[in-house]
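S.K.: Data file data.csv (CSV, C-alpha atoms) is appended below.
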chain,number,residue,atom,x,y,z
Y,30,ALA,CA,-59.7,92.7,26.4
Y,31,THR,CA,-57.5,91.9,29.4
Y,32,GLY,CA,-60.3,91.4,32.0
Y,33,ASP,CA,-63.8,90.1,32.0
Y,34,VAL,CA,-66.4,91.1,29.4
Y,35,ARG,CA,-70.1,91.0,30.0
Y,36,LEU,CA,-72.5,91.0,27.1
Y,37,GLU,CA,-76.0,91.7,28.4
Y,38,GLN,CA,-77.5,93.5,25.5
Y,39,GLN,CA,-77.9,92.5,21.8
Y,40,LEU,CA,-74.7,92.7,19.8
Y,41,THR,CA,-73.6,92.0,16.3
Y,42,MET,CA,-70.1,90.7,15.5
Y,43,THR,CA,-69.3,91.1,11.8
Y,44,ALA,CA,-66.4,89.4,10.0
Y,45,LEU,CA,-67.6,89.1,6.4
Y,46,GLY,CA,-64.8,88.5,3.9
Y,47,SER,CA,-62.0,87.6,6.4
Y,48,PRO,CA,-61.9,85.7,9.8
Y,49,THR,CA,-61.9,87.9,12.9
Y,50,SER,CA,-60.8,87.0,16.4
Y,51,PHE,CA,-62.1,88.4,19.7
Y,52,VAL,CA,-59.8,87.7,22.6
Y,53,VAL,CA,-60.9,88.0,26.3
Y,54,GLY,CA,-58.3,87.5,29.0
Y,55,GLY,CA,-60.9,86.6,31.7
Y,56,GLU,CA,-64.5,85.6,31.5
Y,57,LEU,CA,-66.7,86.2,28.5
Y,58,TYR,CA,-70.2,86.3,29.9
Y,59,ILE,CA,-73.0,86.2,27.3
Y,60,GLY,CA,-76.5,86.8,28.7
Y,61,ALA,CA,-78.2,88.2,25.6
Y,62,SER,CA,-78.4,87.4,21.9
Y,63,VAL,CA,-75.1,87.9,20.0
Y,64,THR,CA,-75.4,87.8,16.2
Y,65,VAL,CA,-72.4,86.5,14.2
Y,66,MET,CA,-71.7,87.4,10.5
Y,67,GLY,CA,-68.9,85.6,8.6
Y,68,GLU,CA,-66.1,83.7,10.4
Y,69,VAL,CA,-65.6,84.6,14.1
Y,70,HIS,CA,-63.2,83.2,16.6
Y,71,LEU,CA,-64.0,83.8,20.3
Y,72,ASN,CA,-61.0,83.1,22.6
Y,73,ALA,CA,-61.5,83.4,26.4
Y,74,THR,CA,-60.2,81.9,29.6
Y,75,THR,CA,-63.9,81.2,30.5
Y,76,MET,CA,-66.9,81.5,28.2
Y,77,ASN,CA,-70.2,81.5,30.0
Y,78,LEU,CA,-73.1,81.2,27.6
Y,79,THR,CA,-76.1,81.5,30.0
Y,80,SER,CA,-79.6,80.0,29.5
Y,81,SER,CA,-80.8,83.5,28.4
Y,82,GLY,CA,-77.9,84.0,26.0
Y,83,SER,CA,-77.3,82.8,22.5
Y,84,VAL,CA,-74.7,83.1,19.7
Y,85,VAL,CA,-76.6,83.1,16.4
Y,86,GLY,CA,-75.2,83.1,12.9
Y,87,THR,CA,-78.3,81.9,11.0
Y,88,GLY,CA,-78.1,83.3,7.5
Y,89,GLY,CA,-74.8,85.0,8.4
Y,90,SER,CA,-72.5,83.5,5.8
Y,91,HIS,CA,-72.5,86.4,3.3
Y,92,SER,CA,-73.9,89.8,2.7
Y,93,SER,CA,-76.0,88.6,-0.3
Y,94,ASP,CA,-77.8,85.5,-1.4
Y,95,GLY,CA,-76.3,82.8,-3.8
Y,96,GLN,CA,-72.7,82.9,-2.5
Y,97,GLY,CA,-70.4,79.9,-1.9
Y,98,PRO,CA,-67.7,77.7,-3.3
Y,99,SER,CA,-67.9,76.4,-6.8
Y,100,GLY,CA,-70.4,73.6,-7.2
Y,101,SER,CA,-72.0,74.1,-3.8
Y,102,VAL,CA,-74.4,76.8,-4.9
Y,103,PRO,CA,-77.6,75.8,-6.8
Y,104,THR,CA,-78.0,76.5,-10.5
Y,105,ASP,CA,-81.6,77.6,-10.2
Y,106,ARG,CA,-84.0,78.9,-7.5
Y,107,TYR,CA,-85.4,75.4,-6.7
Y,108,GLY,CA,-82.0,74.0,-5.7
Y,109,ALA,CA,-80.3,74.6,-2.3
Y,110,GLY,CA,-76.9,75.3,-0.8
Y,111,SER,CA,-74.5,72.5,0.2
Y,112,HIS,CA,-71.8,72.3,2.9
Y,113,GLY,CA,-71.2,69.3,5.2
Y,114,GLY,CA,-74.3,67.7,3.6
Y,115,ALA,CA,-75.2,67.8,0.0
Y,116,ALA,CA,-78.3,69.4,-1.4
Y,117,THR,CA,-79.8,69.2,-4.9
Y,118,LYS,CA,-78.6,71.9,-7.3
Y,119,ALA,CA,-81.8,72.3,-9.3
Y,120,ASN,CA,-85.4,71.1,-9.6
Y,121,SER,CA,-86.1,67.5,-10.2
Y,122,TRP,CA,-86.9,67.9,-13.9
Y,123,SER,CA,-83.7,69.8,-14.7
Y,124,SER,CA,-80.7,68.2,-16.4
Y,125,ASP,CA,-78.6,69.8,-13.6
Y,126,SER,CA,-80.6,68.3,-10.7
Y,127,HIS,CA,-77.7,66.3,-9.3
Y,128,TRP,CA,-76.3,66.9,-5.8
Y,129,GLY,CA,-74.1,69.9,-5.0
Y,130,ALA,CA,-70.5,69.7,-3.8
Y,131,ILE,CA,-69.6,69.3,-0.1
Y,132,TYR,CA,-66.6,71.1,1.3
Y,133,GLY,CA,-64.8,72.0,4.5
Y,134,SER,CA,-63.2,70.0,7.3
Y,135,THR,CA,-65.0,67.5,9.4
Y,136,PHE,CA,-62.6,67.8,12.3
Y,137,HIS,CA,-61.7,71.5,12.2
Y,138,PRO,CA,-64.7,73.2,10.6
Y,139,THR,CA,-64.2,76.9,9.8
Y,140,GLU,CA,-66.2,77.5,6.6
Y,141,VAL,CA,-69.5,79.3,6.3
Y,142,GLY,CA,-72.4,77.6,4.5
Y,143,ALA,CA,-73.2,78.1,0.9
Y,144,GLY,CA,-76.3,80.2,0.0
Y,145,ALA,CA,-79.1,79.6,-2.4
Y,146,THR,CA,-81.0,81.9,-4.8
Y,147,TYR,CA,-83.0,83.5,-2.1
Y,148,ALA,CA,-81.2,82.4,1.1
Y,149,THR,CA,-77.8,82.7,2.7
Y,150,GLY,CA,-75.9,80.0,4.6
Y,151,GLY,CA,-74.9,79.8,8.2
Y,152,ALA,CA,-71.9,81.7,9.7
Y,153,ALA,CA,-68.9,80.0,11.2
Y,154,LEU,CA,-68.0,80.2,14.9
Y,155,ARG,CA,-64.8,78.9,16.6
Y,156,VAL,CA,-64.6,78.9,20.4
Y,157,THR,CA,-61.3,78.4,22.3
Y,158,ALA,CA,-61.6,78.4,26.1
Y,159,GLU,CA,-60.2,76.7,29.3
Y,160,VAL,CA,-63.8,76.4,30.5
Y,161,LEU,CA,-67.0,76.6,28.5
Y,162,GLU,CA,-70.4,77.0,30.3
Y,163,LEU,CA,-72.9,76.0,27.7
Y,164,SER,CA,-76.4,76.6,29.0
Y,165,GLY,CA,-77.6,78.7,26.0
Y,166,SER,CA,-77.6,78.0,22.3
Y,167,ILE,CA,-75.1,78.3,19.5
Y,168,GLU,CA,-76.9,78.4,16.1
Y,169,MET,CA,-75.0,78.7,12.8
Y,170,ASP,CA,-78.0,77.5,10.7
Y,171,GLY,CA,-78.7,78.1,7.1
Y,172,GLU,CA,-81.4,80.6,6.2
Y,173,SER,CA,-84.8,79.3,5.2
Y,174,ALA,CA,-85.8,80.4,1.8
Y,175,SER,CA,-88.0,83.3,0.9
Y,176,GLY,CA,-90.3,82.7,-2.1
Y,177,ALA,CA,-90.6,79.4,-3.9
Y,178,SER,CA,-86.9,78.4,-3.6
Y,179,GLY,CA,-84.3,76.3,-1.7
Y,180,GLY,CA,-82.6,76.9,1.6
Y,181,GLY,CA,-79.1,77.9,2.6
Y,182,ALA,CA,-76.6,75.4,4.0
Y,183,GLY,CA,-75.7,75.2,7.7
Y,184,GLY,CA,-72.4,76.8,8.7
Y,185,SER,CA,-69.7,75.7,11.1
Y,186,VAL,CA,-69.1,75.4,14.9
Y,187,TRP,CA,-65.6,74.4,16.3
Y,188,LEU,CA,-65.4,74.2,20.1
Y,189,GLN,CA,-62.0,73.5,21.6
Y,190,VAL,CA,-62.2,73.6,25.4
Y,191,GLY,CA,-60.7,72.2,28.5
Y,192,VAL,CA,-63.7,71.7,30.7
Y,193,LEU,CA,-67.3,71.6,29.4
Y,194,ARG,CA,-70.1,72.6,31.8
Y,195,GLY,CA,-73.6,73.9,31.5
Y,196,GLY,CA,-77.3,73.2,31.9
Y,197,ALA,CA,-79.4,70.6,30.0
Y,198,GLY,CA,-81.0,73.2,27.7
Y,199,GLY,CA,-77.7,74.1,26.0
Y,200,PHE,CA,-77.2,73.0,22.4
Y,201,VAL,CA,-75.2,73.5,19.2
Y,202,SER,CA,-76.8,73.8,15.8
Y,203,ALA,CA,-75.6,74.1,12.2
Y,204,VAL,CA,-78.7,72.8,10.3
Y,205,GLY,CA,-79.7,73.5,6.8
Y,206,GLY,CA,-82.4,76.0,5.9
Y,207,SER,CA,-85.8,74.8,4.8
Y,208,SER,CA,-87.3,75.5,1.5
Y,209,THR,CA,-90.5,77.5,1.0
Y,210,TYR,CA,-93.6,76.5,-1.0
Y,211,THR,CA,-96.0,78.9,-2.6
Y,212,SER,CA,-99.2,78.2,-4.5
Y,213,TYR,CA,-97.2,77.3,-7.7
Y,214,SER,CA,-93.9,75.8,-6.6
Y,215,GLY,CA,-91.4,74.9,-3.9
Y,216,GLY,CA,-87.7,74.0,-3.5
Y,217,SER,CA,-85.1,71.7,-1.8
Y,218,GLY,CA,-83.7,71.9,1.7
Y,219,GLY,CA,-80.2,73.1,2.4
Y,220,GLY,CA,-77.4,70.8,3.4
Y,221,GLY,CA,-76.4,70.5,7.0
Y,222,GLY,CA,-73.2,72.2,8.3
Y,223,ARG,CA,-70.3,70.9,10.4
Y,224,VAL,CA,-69.9,70.8,14.2
Y,225,ALA,CA,-66.7,69.6,16.0
Y,226,LEU,CA,-66.5,69.5,19.9
Y,227,TYR,CA,-63.3,68.8,21.7
Y,228,CYS,CA,-63.0,68.9,25.5
Y,229,THR,CA,-60.6,67.4,28.0
Y,230,SER,CA,-63.4,66.6,30.4
Y,231,SER,CA,-67.2,67.2,30.6
Y,232,GLU,CA,-69.4,68.1,33.5
Y,233,HIS,CA,-72.3,69.1,31.3
Y,234,ASP,CA,-75.8,68.2,32.6
Y,235,SER,CA,-77.0,66.9,29.3
Y,236,SER,CA,-77.1,63.4,27.9
Y,237,TRP,CA,-77.5,63.1,24.2
Y,238,ARG,CA,-77.7,59.9,22.1
Y,239,GLY,CA,-76.7,57.9,25.1
Y,240,PHE,CA,-73.5,59.9,25.8
Y,241,ALA,CA,-73.6,61.5,29.3
Y,242,GLY,CA,-72.1,65.0,29.5
Y,243,LEU,CA,-72.7,65.8,25.8
Y,244,PRO,CA,-75.1,68.6,24.8
Y,245,GLU,CA,-77.3,68.1,21.7
Y,246,LEU,CA,-75.5,68.7,18.4
Y,247,ARG,CA,-77.7,69.4,15.4
Y,248,VAL,CA,-76.4,69.1,11.8
Y,249,TRP,CA,-79.5,67.8,9.9
Y,250,GLY,CA,-80.4,69.0,6.4
Y,251,GLY,CA,-83.3,71.4,5.8
Y,252,GLY,CA,-86.8,70.2,5.0
Y,253,SER,CA,-88.2,70.3,1.5
Y,254,SER,CA,-91.5,72.1,0.8
Y,255,GLU,CA,-93.2,69.2,-1.1
Y,256,SER,CA,-92.5,65.6,-2.1
Y,257,SER,CA,-91.1,66.5,-5.5
Y,258,TYR,CA,-88.1,68.2,-3.9
Y,259,ARG,CA,-85.4,66.7,-1.7
Y,260,ARG,CA,-84.5,67.3,1.9
Y,261,GLY,CA,-80.9,68.5,2.4
Y,262,GLY,CA,-78.3,65.9,3.3
Y,263,SER,CA,-77.1,65.7,7.0
Y,264,GLY,CA,-73.9,67.4,7.8
Y,265,THR,CA,-71.1,66.2,10.1
What's the structure tokens form of this structure?
M.R.:
Amino acid sequence: ATGDVRLEQQLTMTALGSPTSFVVGGELYIGASVTVMGEVHLNATTMNLTSSGSVVGTGGSHSSDGQGPSGSVPTDRYGAGSHGGAATKANSWSSDSHWGAIYGSTFHPTEVGAGATYATGGAALRVTAEVLELSGSIEMDGESASGASGGGAGGSVWLQVGVLRGGAGGFVSAVGGSSTYTSYSGGSGGGGGRVALYCTSSEHDSSWRGFAGLPELRVWGGGSSESSYRRGGSGT
């Protein structure tokens, strides 16, 4: 689009199987929930993610469960998906209960998260903008498990902007999905994803971990459903 684009109703952007770019020549205004599936690149002069808006790719890695690079997907239902952080591949009493393989780039993350037996990983979002107003949320989280099984891994967020602005409630998340416990068994938490934020200057209202002008960045691993299973490893 050559001019401004306003998204004020729910919308889904699907790019499963191959990365897709959406280019806006002016302002991209997001005032509602936008769902992302697969690998999506938003390129705008200004991107305004308002406090009532969100870009959500939770569980948006693939069209079906159990997908991901070799070694990152669990070998049974009790294991979880890995990505930036490792998760156990199987239950604690299995001979294949070691940690799954991590993958992707720390500095330029573009990969979706690996899934688990009954969960998908997080999608991947890249944003390029001269100005980013981040007052809402960006959530590329792994899906929490359904049934007694492990969670999916967090996806990716890569923000490359000139000026970062926004309200204190804005945050970026690529956390692992939690496992689910039933009356007979549970599972492990998914590994955290990857988040990279680059900006020339920041005027953001937040202060996170002692850094003024930095919104909260979440990449922790998903929780395990009981003590005999492991929490997912933190991402980057």
S.K.: Residues within 7 Å of segment 61-63 of chain Y, please, as a list in words. Count all atoms listed in the file; anything in the same chain fewer than 3 positions from it doesn't count.
M.R.: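 Within the cut-off, the hits are Leu36, Glu37, Gln38, Gln39, Leu40, Thr41, Ser81, Gly82, Ser83, Val84 and Val85 of chain Y.
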S.K.: Go through Y:Glu232, Y:Glu255, Y:Glu56, Y:Glu168 and flag the residue nearest Thr87 of chain Y, using all atoms listed in the file for the distances.
M.R.: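 Looking only at the distances to Thr87 of chain Y, the closest residue turns out to be Y:Glu168.
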S.K.: Which residue gives the smallest distance to Ile167 of chain Y among Y:Tyr258, Y:Tyr107, Y:Phe51, Y:Phe200, with all atoms listed in the file counted?
M.R.: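 Of Y:Tyr258, Y:Tyr107, Y:Phe51, Y:Phe200, the one nearest Ile167 of chain Y is Y:Phe200, counting all atoms listed in the file.
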S.K.: Neighbours of Gly191 of chain Y within 10 Å (only C-alpha atoms; same-chain residues fewer than 2 positions away dropped), as a ChimeraX atom specification?
M.R.: /Y:74-75,157-161,188-189,193-194,227-231
S.K.: So, with all atoms listed in the file as the atoms that count, which of Y:Ser175, Y:Ser236, Y:Thr104, Y:Ser202 lies closest to Gly264 of chain Y?
M.R.: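 Checking each of Y:Ser175, Y:Ser236, Y:Thr104, Y:Ser202 against Gly264 of chain Y, counting all atoms listed in the file, the winner is Y:Ser202.
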S.K.: Near Val204 of chain Y, within 7 Å and counting only C-alpha atoms, which residues show up once chain neighbours fewer than 3 positions away are dropped, as a ChimeraX atom specification?
M.R.: /Y:170-171,183,221-222,247-251
S.K.: Quick one: of Y:Ser263, Y:Ser134, Y:Glu245, Y:Gly179, who's nearest to Thr117 of chain Y, counting all atoms listed in the file?
M.R.: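 Smallest distance to Thr117 of chain Y is found for Y:Gly179.
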S.K.: Using all atoms listed in the file, pick whichever of Y:Val186, Y:Leu45, Y:Ala241, Y:Leu78 has the shortest atom-to-atom distance to Arg223 of chain Y.
M.R.: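 Among Y:Val186, Y:Leu45, Y:Ala241, Y:Leu78, it is Y:Val186 that comes nearest to Arg223 of chain Y.
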S.K.: Quick one: of Y:Ala152, Y:Ala116, Y:Val141, Y:Val65, who's nearest to Gly129 of chain Y, counting only C-alpha atoms?
M.R.: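 Closest to Gly129 of chain Y, using only C-alpha atoms: Y:Ala116.
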S.K.: For the atom pair atom CA of Gly100 of chain Y and atom CA of Gly218 of chain Y, what is the interatomic distance in Å to one decimal place?
M.R.: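 Distance between the two atoms: 16.1 Å.
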S.K.: So what do you get for atom CA of Glu172 of chain Y versus atom CA of Thr265 of chain Y, distance-wise?
M.R.: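 Computing the Euclidean distance for atom CA of Glu172 of chain Y and atom CA of Thr265 of chain Y yields 18.1 Å.
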